[in-house]
$ cat final.cif   # mmCIF, C-alpha atoms
data_entry
loop_
_atom_site.label_atom_id
_atom_site.label_comp_id
_atom_site.auth_asym_id
_atom_site.auth_seq_id
_atom_site.Cartn_x
_atom_site.Cartn_y
_atom_site.Cartn_z
CA MET A 213 -35.89 10.18 23.08
CA LYS A 214 -39.47 8.88 22.90
CA LYS A 215 -38.36 5.62 21.28
CA ILE A 216 -35.76 5.07 23.99
CA LYS A 217 -38.38 5.72 26.68
CA ILE A 218 -40.70 3.13 25.07
CA VAL A 219 -37.88 0.60 25.02
CA GLY A 220 -37.22 1.57 28.65
CA VAL A 221 -40.70 0.45 29.68
CA PHE A 222 -40.12 -3.05 28.33
CA ILE A 223 -36.56 -3.39 29.62
CA SER A 224 -37.64 -2.11 33.05
CA PHE A 225 -40.50 -4.63 33.07
CA ILE A 226 -38.16 -7.51 32.24
CA LEU A 227 -35.74 -6.31 34.92
CA ALA A 228 -38.65 -6.11 37.39
CA ILE A 229 -39.49 -9.75 36.73
CA ILE A 230 -35.87 -10.74 37.33
CA PHE A 231 -35.60 -8.57 40.44
CA HIS A 232 -38.76 -10.12 41.86
CA PHE A 233 -36.81 -13.37 42.31
CA ILE A 234 -33.23 -12.16 42.80
CA TYR A 235 -33.28 -12.06 46.63
CA GLY A 236 -34.29 -15.73 46.66
CA TRP A 237 -31.34 -16.53 44.40
CA VAL A 238 -28.77 -14.27 46.08
CA PRO A 239 -29.96 -13.38 49.59
CA ASN A 240 -27.70 -10.71 51.06
CA SER A 241 -27.96 -7.26 52.62
CA VAL A 242 -27.22 -5.35 49.39
CA ILE A 243 -29.83 -7.25 47.38
CA SER A 244 -32.34 -6.82 50.24
CA VAL A 245 -32.26 -3.05 49.72
CA ILE A 246 -32.82 -3.11 45.96
CA ALA A 247 -35.12 -6.14 45.51
CA PRO A 248 -38.17 -7.51 47.36
CA VAL A 249 -37.40 -9.85 50.26
CA ASN A 250 -41.02 -10.96 50.68
CA GLU A 251 -44.44 -10.69 49.04
CA SER A 252 -45.64 -7.56 50.87
CA ILE A 253 -47.00 -4.67 48.87
CA TRP A 254 -44.25 -2.36 50.14
CA GLU A 255 -41.37 -4.65 49.17
CA HIS A 256 -42.69 -4.71 45.62
CA MET A 257 -42.21 -0.95 45.32
CA LYS A 258 -38.55 -1.79 44.78
CA LEU A 259 -39.68 -3.23 41.42
CA ILE A 260 -40.65 0.25 40.31
CA VAL A 261 -37.45 2.00 41.37
CA THR A 262 -34.57 -0.41 40.83
CA PRO A 263 -35.33 -1.50 37.24
CA SER A 264 -35.99 2.12 36.25
CA ILE A 265 -32.70 3.28 37.79
CA ILE A 266 -30.78 0.43 36.12
CA PHE A 267 -32.28 1.26 32.73
CA SER A 268 -31.50 4.95 33.26
CA ILE A 269 -27.78 4.14 33.38
CA PHE A 270 -27.94 2.65 29.89
CA GLU A 271 -30.26 5.42 28.75
CA TYR A 272 -27.77 8.08 29.85
CA PHE A 273 -24.99 6.59 27.73
CA ILE A 274 -27.31 6.18 24.74
CA TYR A 275 -28.24 9.88 24.91
CA LYS A 276 -24.61 10.90 25.21
CA LYS A 277 -23.55 8.67 22.30
CA LYS A 278 -26.38 9.89 20.04
CA ASP A 279 -25.95 13.52 21.13
CA ILE A 280 -29.53 13.76 22.37
CA GLU A 281 -30.14 16.82 24.52
CA PHE A 282 -31.75 16.39 27.93
CA ASN A 283 -31.95 18.13 31.31
CA ASN A 284 -32.54 17.11 34.92
CA PHE A 285 -31.72 13.47 34.19
CA ILE A 286 -31.14 12.13 37.71
CA LEU A 287 -33.89 14.27 39.19
CA SER A 288 -36.31 12.97 36.55
CA TYR A 289 -35.82 9.39 37.71
CA ALA A 290 -35.95 10.29 41.39
CA ILE A 291 -39.22 12.19 41.04
CA SER A 292 -40.80 9.72 38.62
CA SER A 293 -39.90 6.81 40.94
CA ILE A 294 -41.42 8.53 43.97
CA LEU A 295 -44.56 9.38 42.01
CA GLY A 296 -44.65 5.83 40.64
CA ILE A 297 -44.69 4.41 44.17
CA ILE A 298 -47.44 6.81 45.25
CA VAL A 299 -49.64 6.16 42.21
CA TYR A 300 -49.12 2.39 42.45
CA LEU A 301 -50.18 2.36 46.09
CA LEU A 302 -53.15 4.67 45.46
CA LEU A 303 -54.41 2.30 42.76
CA TYR A 304 -53.34 -1.09 44.11
CA ILE A 305 -54.59 -0.84 47.69
CA PRO A 306 -58.25 -0.21 46.77
CA LEU A 307 -58.08 -2.82 43.98
CA ASN A 308 -56.62 -5.30 46.45
CA ASP A 309 -59.36 -4.48 48.98
CA ILE A 310 -62.06 -5.01 46.34
CA PHE A 311 -60.72 -8.05 44.46
CA GLY A 312 -58.18 -9.53 46.88
CA HIS A 313 -54.65 -10.22 45.75
CA LYS A 314 -54.65 -11.10 42.08
CA ALA A 315 -51.24 -11.50 40.46
CA TYR A 316 -52.52 -10.35 37.08
CA ILE A 317 -53.73 -7.06 38.63
CA ALA A 318 -50.41 -6.47 40.41
CA ILE A 319 -48.37 -7.29 37.29
CA SER A 320 -50.57 -5.24 34.94
CA LEU A 321 -50.46 -2.29 37.31
CA LEU A 322 -46.67 -2.58 37.58
CA PHE A 323 -46.42 -2.41 33.79
CA LEU A 324 -48.68 0.65 33.68
CA ILE A 325 -46.65 2.33 36.42
CA LEU A 326 -43.42 1.67 34.53
CA ILE A 327 -45.01 3.46 31.56
CA PHE A 328 -45.97 6.31 33.91
CA VAL A 329 -42.39 6.50 35.26
CA GLN A 330 -40.97 6.84 31.75
CA ILE A 331 -43.55 9.49 30.78
CA VAL A 332 -42.89 11.59 33.88
CA SER A 333 -39.14 11.21 33.41
CA TYR A 334 -39.48 12.28 29.76
CA TYR A 335 -41.35 15.46 30.67
CA ILE A 336 -38.94 16.41 33.45
CA MET A 337 -35.98 15.80 31.15
CA ASN A 338 -37.52 18.14 28.57
CA LYS A 339 -38.02 21.00 31.03
CA SER A 340 -35.50 23.79 31.39
CA ASN A 341 -32.49 22.81 33.42
CA ILE A 342 -33.26 23.03 37.13
CA LYS A 343 -30.41 24.36 39.26
CA HIS A 344 -28.76 21.59 41.33
CA SER A 345 -31.06 18.97 39.80
CA SER A 346 -28.35 16.28 39.86
CA ASP A 347 -27.56 16.89 43.52
CA VAL A 348 -31.24 16.88 44.49
CA GLY A 349 -31.85 13.77 42.36
CA ILE A 350 -28.97 11.88 43.95
CA LEU A 351 -30.15 12.89 47.42
CA LEU A 352 -33.71 11.72 46.68
CA ILE A 353 -32.51 8.39 45.29
CA LEU A 354 -30.33 7.87 48.38
CA ILE A 355 -33.33 8.66 50.60
CA ILE A 356 -35.49 6.19 48.66
CA TYR A 357 -32.94 3.39 49.10
CA PHE A 358 -32.31 4.32 52.73
CA ALA A 359 -36.08 4.00 53.29
CA PHE A 360 -36.15 0.67 51.47
CA GLY A 361 -33.26 -0.64 53.55
CA TYR A 362 -34.55 0.63 56.86
CA LEU A 363 -38.11 -0.58 56.25
CA THR A 364 -36.90 -3.99 55.08
CA TYR A 365 -35.17 -4.56 58.41
CA HIS A 366 -37.61 -2.55 60.59
CA PRO A 367 -41.01 -2.83 58.91
CA PRO A 368 -43.97 -1.25 60.71
CA LYS A 369 -46.54 -3.84 61.72
CA ILE A 370 -49.20 -2.62 59.28
CA ASN A 371 -50.85 -4.26 56.25
CA LEU A 372 -48.67 -2.46 53.71
CA PHE A 373 -45.62 -4.33 55.05
CA TYR A 374 -47.27 -7.68 55.82
CA ASP A 375 -46.49 -10.67 53.63
CA TYR A 376 -49.76 -12.62 53.63
CA MET A 377 -48.23 -15.50 51.71
CA ASN A 378 -45.43 -16.17 54.21
CA LYS A 379 -47.17 -14.70 57.25
CA GLY A 380 -44.64 -12.15 58.43
CA TYR A 381 -42.84 -8.87 58.02
CA GLY A 382 -39.43 -8.04 56.55
CA ILE A 383 -36.99 -10.84 55.91
CA ILE A 384 -38.80 -14.04 56.76
CA LYS A 385 -36.56 -16.97 57.63
CA SER A 386 -37.49 -20.34 56.16
CA SER A 387 -37.87 -23.14 58.63
#
$ encode --input "final.cif" --output "structure tokens"
Amino acid sequence: MKKIKIVGVFISFILAIIFHFIYGWVPNSVISVIAPVNESIWEHMKLIVTPSIIFSIFEYFIYKKKDIEFNNFILSYAISSILGIIVYLLLYIPLNDIFGHKAYIAISLLFLILIFVQIVSYYIMNKSNIKHSSDVGILLILIIYFAFGYLTYHPPKINLFYDYMNKGYGIIKSS
């Protein structure tokens, strides 16, 4: 399981790079919920969740094929994604305030958070089975994506949601 989790960090990171640009390539309402639509800090939180969830689909089938035991699979990704967002923001916002926006800081931190997500997921999957963990996990993932969708189209006018590069909030139309 540990080896698969390590591979998951790298695959999730590659997927995050792809997902960073996917809305520009295929702009539509579905993609806007799962990938960043602008350069705001908040929109980039999708790069923690979506690649991890996509990798988890492959991971699930690998575990089943190799007969690897695990518990709380869906819940592990829901909780680790939520914690990943929180930890990223707690680290990135002060770093951004101190150093300004530096792509290498944002990218390095994303990589570290993807490691964190896999570690948290690993520990939750190795705990005793939690009653209704799949149902709770699915509900949490739906809430996360509902929040992403809603806040993409109705972003609060605060710094977390402001795209300093394109000077706007949410989906910014090109002129």
$ resolve_selection --input "final.cif" --expression "the PyMOL selection byres ((chain A and resi 234-251) around 12)" --output "PyMOL selection string"
chain A and resi 227-233+252-266+313+315+318+353-365+367+371-386
$ closest_residue --input "final.cif" --among "A:Ile310, A:Ile226, A:Leu295, A:Ile305" --to "Gln330 (chain A)" --atoms "all atoms listed in the file"
A:Leu295
$ residues_around --input "final.cif" --residues "Ser340 (chain A)" --least-positions-apart "4" --cutoff "10 Å" --atoms "all atoms listed in the file" --output "ChimeraX atom specification"
/A:282-284,336
$ atom_distance --input "final.cif" --atom1 "CA of Ser333 (chain A)" --atom2 "CA of Tyr304 (chain A)"
21.6 Å
$ closest_residue --input "final.cif" --among "A:Ile350, A:Met337, A:Ile218, A:Ile325" --to "Ser288 (chain A)" --atoms "only C-alpha atoms"
A:Met337
$ atom_distance --input "final.cif" --atom1 "CA of Ile274 (chain A)" --atom2 "CA of Leu322 (chain A)"
24.8 Å
$ closest_residue --input "final.cif" --among "A:Ile298, A:Ile280, A:Ile223, A:Leu287" --to "Ile342 (chain A)" --atoms "all atoms listed in the file"
A:Leu287
$ build_atoms --input "final.cif" --residues "region 325-361 of chain A" --atoms "N, CA and C atoms" --output "tab-separated table (two decimals), keeping the file's coordinate frame"
chain	number	residue	atom	x	y	z
A	325	ILE	N	-47.45	1.38	35.64
A	325	ILE	CA	-46.65	2.33	36.42
A	325	ILE	C	-45.28	2.55	35.79
A	326	LEU	N	-44.71	1.50	35.21
A	326	LEU	CA	-43.42	1.67	34.53
A	326	LEU	C	-43.58	2.58	33.31
A	327	ILE	N	-44.72	2.51	32.64
A	327	ILE	CA	-45.01	3.46	31.56
A	327	ILE	C	-45.09	4.87	32.14
A	328	PHE	N	-45.82	5.01	33.23
A	328	PHE	CA	-45.97	6.31	33.91
A	328	PHE	C	-44.61	6.88	34.30
A	329	VAL	N	-43.73	6.05	34.85
A	329	VAL	CA	-42.39	6.50	35.26
A	329	VAL	C	-41.63	7.06	34.06
A	330	GLN	N	-41.68	6.37	32.94
A	330	GLN	CA	-40.97	6.84	31.75
A	330	GLN	C	-41.57	8.14	31.21
A	331	ILE	N	-42.90	8.26	31.26
A	331	ILE	CA	-43.55	9.49	30.78
A	331	ILE	C	-43.16	10.67	31.66
A	332	VAL	N	-43.25	10.50	32.97
A	332	VAL	CA	-42.89	11.59	33.88
A	332	VAL	C	-41.43	11.96	33.70
A	333	SER	N	-40.57	10.96	33.62
A	333	SER	CA	-39.14	11.21	33.41
A	333	SER	C	-38.92	12.00	32.12
A	334	TYR	N	-39.60	11.60	31.05
A	334	TYR	CA	-39.48	12.28	29.76
A	334	TYR	C	-39.83	13.76	29.89
A	335	TYR	N	-40.94	14.05	30.55
A	335	TYR	CA	-41.35	15.46	30.67
A	335	TYR	C	-40.40	16.27	31.54
A	336	ILE	N	-39.89	15.69	32.60
A	336	ILE	CA	-38.94	16.41	33.45
A	336	ILE	C	-37.63	16.65	32.70
A	337	MET	N	-37.22	15.66	31.91
A	337	MET	CA	-35.98	15.80	31.15
A	337	MET	C	-36.10	16.85	30.04
A	338	ASN	N	-37.31	17.14	29.62
A	338	ASN	CA	-37.52	18.14	28.57
A	338	ASN	C	-37.83	19.52	29.11
A	339	LYS	N	-37.85	19.68	30.42
A	339	LYS	CA	-38.02	21.00	31.03
A	339	LYS	C	-36.68	21.73	31.03
A	340	SER	N	-36.74	23.02	31.25
A	340	SER	CA	-35.50	23.79	31.39
A	340	SER	C	-34.67	23.20	32.52
A	341	ASN	N	-33.37	23.37	32.40
A	341	ASN	CA	-32.49	22.81	33.42
A	341	ASN	C	-32.79	23.44	34.78
A	342	ILE	N	-32.98	22.59	35.77
A	342	ILE	CA	-33.26	23.03	37.13
A	342	ILE	C	-31.92	23.07	37.88
A	343	LYS	N	-31.67	24.19	38.54
A	343	LYS	CA	-30.41	24.36	39.26
A	343	LYS	C	-30.26	23.25	40.31
A	344	HIS	N	-29.11	22.65	40.38
A	344	HIS	CA	-28.76	21.59	41.33
A	344	HIS	C	-29.62	20.34	41.17
A	345	SER	N	-30.18	20.12	39.98
A	345	SER	CA	-31.06	18.97	39.80
A	345	SER	C	-30.35	17.64	40.03
A	346	SER	N	-29.09	17.53	39.64
A	346	SER	CA	-28.35	16.28	39.86
A	346	SER	C	-28.15	16.02	41.35
A	347	ASP	N	-27.77	17.05	42.08
A	347	ASP	CA	-27.56	16.89	43.52
A	347	ASP	C	-28.85	16.50	44.23
A	348	VAL	N	-29.94	17.18	43.88
A	348	VAL	CA	-31.24	16.88	44.49
A	348	VAL	C	-31.68	15.47	44.10
A	349	GLY	N	-31.48	15.11	42.83
A	349	GLY	CA	-31.85	13.77	42.36
A	349	GLY	C	-31.09	12.68	43.09
A	350	ILE	N	-29.78	12.87	43.23
A	350	ILE	CA	-28.97	11.88	43.95
A	350	ILE	C	-29.43	11.77	45.40
A	351	LEU	N	-29.68	12.90	46.04
A	351	LEU	CA	-30.15	12.89	47.42
A	351	LEU	C	-31.48	12.14	47.53
A	352	LEU	N	-32.41	12.40	46.64
A	352	LEU	CA	-33.71	11.72	46.68
A	352	LEU	C	-33.57	10.22	46.47
A	353	ILE	N	-32.72	9.82	45.53
A	353	ILE	CA	-32.51	8.39	45.29
A	353	ILE	C	-31.88	7.73	46.52
A	354	LEU	N	-30.93	8.41	47.14
A	354	LEU	CA	-30.33	7.87	48.38
A	354	LEU	C	-31.38	7.75	49.49
A	355	ILE	N	-32.26	8.72	49.60
A	355	ILE	CA	-33.33	8.66	50.60
A	355	ILE	C	-34.27	7.49	50.31
A	356	ILE	N	-34.62	7.31	49.03
A	356	ILE	CA	-35.49	6.19	48.66
A	356	ILE	C	-34.86	4.86	49.09
A	357	TYR	N	-33.59	4.67	48.76
A	357	TYR	CA	-32.94	3.39	49.10
A	357	TYR	C	-32.67	3.27	50.60
A	358	PHE	N	-32.42	4.38	51.27
A	358	PHE	CA	-32.31	4.32	52.73
A	358	PHE	C	-33.64	3.85	53.32
A	359	ALA	N	-34.74	4.41	52.81
A	359	ALA	CA	-36.08	4.00	53.29
A	359	ALA	C	-36.33	2.53	52.99
A	360	PHE	N	-35.99	2.09	51.79
A	360	PHE	CA	-36.15	0.67	51.47
A	360	PHE	C	-35.35	-0.20	52.43
A	361	GLY	N	-34.10	0.15	52.66
A	361	GLY	CA	-33.26	-0.64	53.55
A	361	GLY	C	-33.79	-0.65	54.97
